[in-house]
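A short worksheet on the structure shown next.
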Amino acid sequence: MKTRYLLSTIGSGMLLAICSLAFTSCDVEDEWYDGPSGWGNAFYDSRLEGIWQLVQADGIDVGRYDTNYLDFLGDGRGYYYYYRKGEPYSERMKYYCQESDSPSSRYQINLQYEYSSPVTMSYWFSDSTGRVLWLSWYDNNIDRTVTYLYRPVKGAPW
């Protein structure tokens, strides 16, 4: 009888420990994705949802290992997939949209990557079906505006 009680107590304790670890890891995940701070009038554009593959950079087609993918899950959450020295990498991404005063677009998006530097870009869709996404920003490192063209895909390659 005592053995059964002891085993039951140990089993319950282990289950409790596993559950608390699972809930703790969810809290950390949610904290990283906290909503926009200091970004007045922020919103999430549902037209962005899905996976988008980079196909052109400044009008030039990109190669297999020069492409990247933006996976917009909705509600400001997503993933960024890319290659580094031919190896696939991914990191979490959060995003917020807002109206823009840019002459090229009515909207801008702030992308915050888990490990890379954040960037604010103008964005627009060039056709009524939403099958072409343009992102444009001024790159201080090269002292000019950069424009990327993305198309929707069914999934990232990894």
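Each chain of the structure tokens is named A, B, ... in the order shown, its residues numbered from 1; ligands are numbered from 1 in display order.
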Could you pull the residues within 7 Å of Phe72 in chain A, counting only C-alpha atoms, minus those fewer than 3 positions along the same chain, as a short mmCIF file (atom, residue, chain, number, x, y, z; two decimals) with C-alpha atoms, in the first residue's frame?
```
data_model
loop_
_atom_site.label_atom_id
_atom_site.label_comp_id
_atom_site.auth_asym_id
_atom_site.auth_seq_id
_atom_site.Cartn_x
_atom_site.Cartn_y
_atom_site.Cartn_z
CA LEU A 48 0.43 39.78 -45.80
CA GLU A 49 -0.46 36.44 -44.22
CA GLY A 50 1.24 33.44 -45.79
CA ILE A 51 4.76 32.65 -46.97
CA ARG A 77 3.95 36.88 -35.57
CA GLY A 78 6.05 35.12 -38.14
CA TYR A 79 9.33 33.58 -39.24
#
```
Q | Residue set, range 48-121 of chain A restricted to strand (DSSP E or B), as a PyMOL selection string | A | chain A and resi 50-57+60-61+68-74+77-84+87-99+107-113+119-121
Can you spit out the residues from that selection as a PDB file, in the first residue's frame, using C-alpha atoms?
```pdb
ATOM      1  CA  GLY A  50       1.244  33.445 -45.793  1.00  0.00           C
ATOM      2  CA  ILE A  51       4.756  32.649 -46.969  1.00  0.00           C
ATOM      3  CA  TRP A  52       6.456  35.006 -49.406  1.00  0.00           C
ATOM      4  CA  GLN A  53       9.642  34.187 -51.333  1.00  0.00           C
ATOM      5  CA  LEU A  54      12.085  36.848 -52.498  1.00  0.00           C
ATOM      6  CA  VAL A  55      12.373  36.555 -56.299  1.00  0.00           C
ATOM      7  CA  GLN A  56      13.957  39.891 -57.275  1.00  0.00           C
ATOM      8  CA  ALA A  57      16.216  42.451 -55.629  1.00  0.00           C
ATOM      9  CA  ILE A  60      17.466  41.410 -60.687  1.00  0.00           C
ATOM     10  CA  ASP A  61      16.366  37.792 -60.198  1.00  0.00           C
ATOM     11  CA  ASN A  68      14.748  34.459 -48.362  1.00  0.00           C
ATOM     12  CA  TYR A  69      11.231  33.827 -47.120  1.00  0.00           C
ATOM     13  CA  LEU A  70       8.911  35.879 -44.934  1.00  0.00           C
ATOM     14  CA  ASP A  71       6.283  33.782 -43.174  1.00  0.00           C
ATOM     15  CA  PHE A  72       3.528  36.053 -41.840  1.00  0.00           C
ATOM     16  CA  LEU A  73       1.370  33.987 -39.460  1.00  0.00           C
ATOM     17  CA  GLY A  74      -0.937  36.880 -38.502  1.00  0.00           C
ATOM     18  CA  ARG A  77       3.947  36.880 -35.572  1.00  0.00           C
ATOM     19  CA  GLY A  78       6.046  35.119 -38.142  1.00  0.00           C
ATOM     20  CA  TYR A  79       9.329  33.584 -39.239  1.00  0.00           C
ATOM     21  CA  TYR A  80      12.202  34.682 -41.440  1.00  0.00           C
ATOM     22  CA  TYR A  81      13.946  31.941 -43.454  1.00  0.00           C
ATOM     23  CA  TYR A  82      17.237  32.604 -45.247  1.00  0.00           C
ATOM     24  CA  TYR A  83      20.532  31.096 -46.326  1.00  0.00           C
ATOM     25  CA  ARG A  84      23.936  31.896 -44.867  1.00  0.00           C
ATOM     26  CA  GLU A  87      23.074  26.713 -45.128  1.00  0.00           C
ATOM     27  CA  PRO A  88      19.396  27.277 -44.251  1.00  0.00           C
ATOM     28  CA  TYR A  89      18.575  29.346 -41.152  1.00  0.00           C
ATOM     29  CA  SER A  90      15.405  30.631 -39.569  1.00  0.00           C
ATOM     30  CA  GLU A  91      14.472  33.060 -36.840  1.00  0.00           C
ATOM     31  CA  ARG A  92      11.310  34.385 -35.314  1.00  0.00           C
ATOM     32  CA  MET A  93       9.964  37.630 -36.639  1.00  0.00           C
ATOM     33  CA  LYS A  94       7.381  40.107 -35.421  1.00  0.00           C
ATOM     34  CA  TYR A  95       5.809  42.831 -37.491  1.00  0.00           C
ATOM     35  CA  TYR A  96       3.548  45.855 -37.240  1.00  0.00           C
ATOM     36  CA  CYS A  97       2.018  47.892 -40.027  1.00  0.00           C
ATOM     37  CA  GLN A  98       0.853  51.476 -40.133  1.00  0.00           C
ATOM     38  CA  GLU A  99      -0.142  54.121 -42.642  1.00  0.00           C
ATOM     39  CA  TYR A 107       1.684  51.652 -45.817  1.00  0.00           C
ATOM     40  CA  GLN A 108       4.870  50.773 -44.002  1.00  0.00           C
ATOM     41  CA  ILE A 109       5.877  47.718 -42.042  1.00  0.00           C
ATOM     42  CA  ASN A 110       8.313  47.314 -39.165  1.00  0.00           C
ATOM     43  CA  LEU A 111      10.001  43.918 -39.162  1.00  0.00           C
ATOM     44  CA  GLN A 112      11.782  42.881 -35.978  1.00  0.00           C
ATOM     45  CA  TYR A 113      13.902  39.773 -36.352  1.00  0.00           C
ATOM     46  CA  VAL A 119      13.932  47.438 -40.466  1.00  0.00           C
ATOM     47  CA  THR A 120      11.041  49.698 -41.445  1.00  0.00           C
ATOM     48  CA  MET A 121       9.946  49.455 -45.086  1.00  0.00           C
TER      49      MET A 121
END
```
Using only C-alpha atoms, the shortest atom-to-atom distance to Val153 in chain A among A:Val132, A:Asp45, A:Asp58, A:Lys85 belongs to A:Val132
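Checking A:Ser122, A:Leu133, A:Gly76, A:Glu114 one by one against Thr145 in chain A, counting only C-alpha atoms, you find the shortest gap at A:Ser122.
CA of Leu135 in chain A sits 5.7 Å away from CA of Thr147 in chain A.
With CA of Val62 in chain A on one side and CA of Thr129 in chain A on the other, the separation reads 23.0 Å.
Between CA of Ser126 in chain A and CA of Arg64 in chain A the separation is 23.6 Å.
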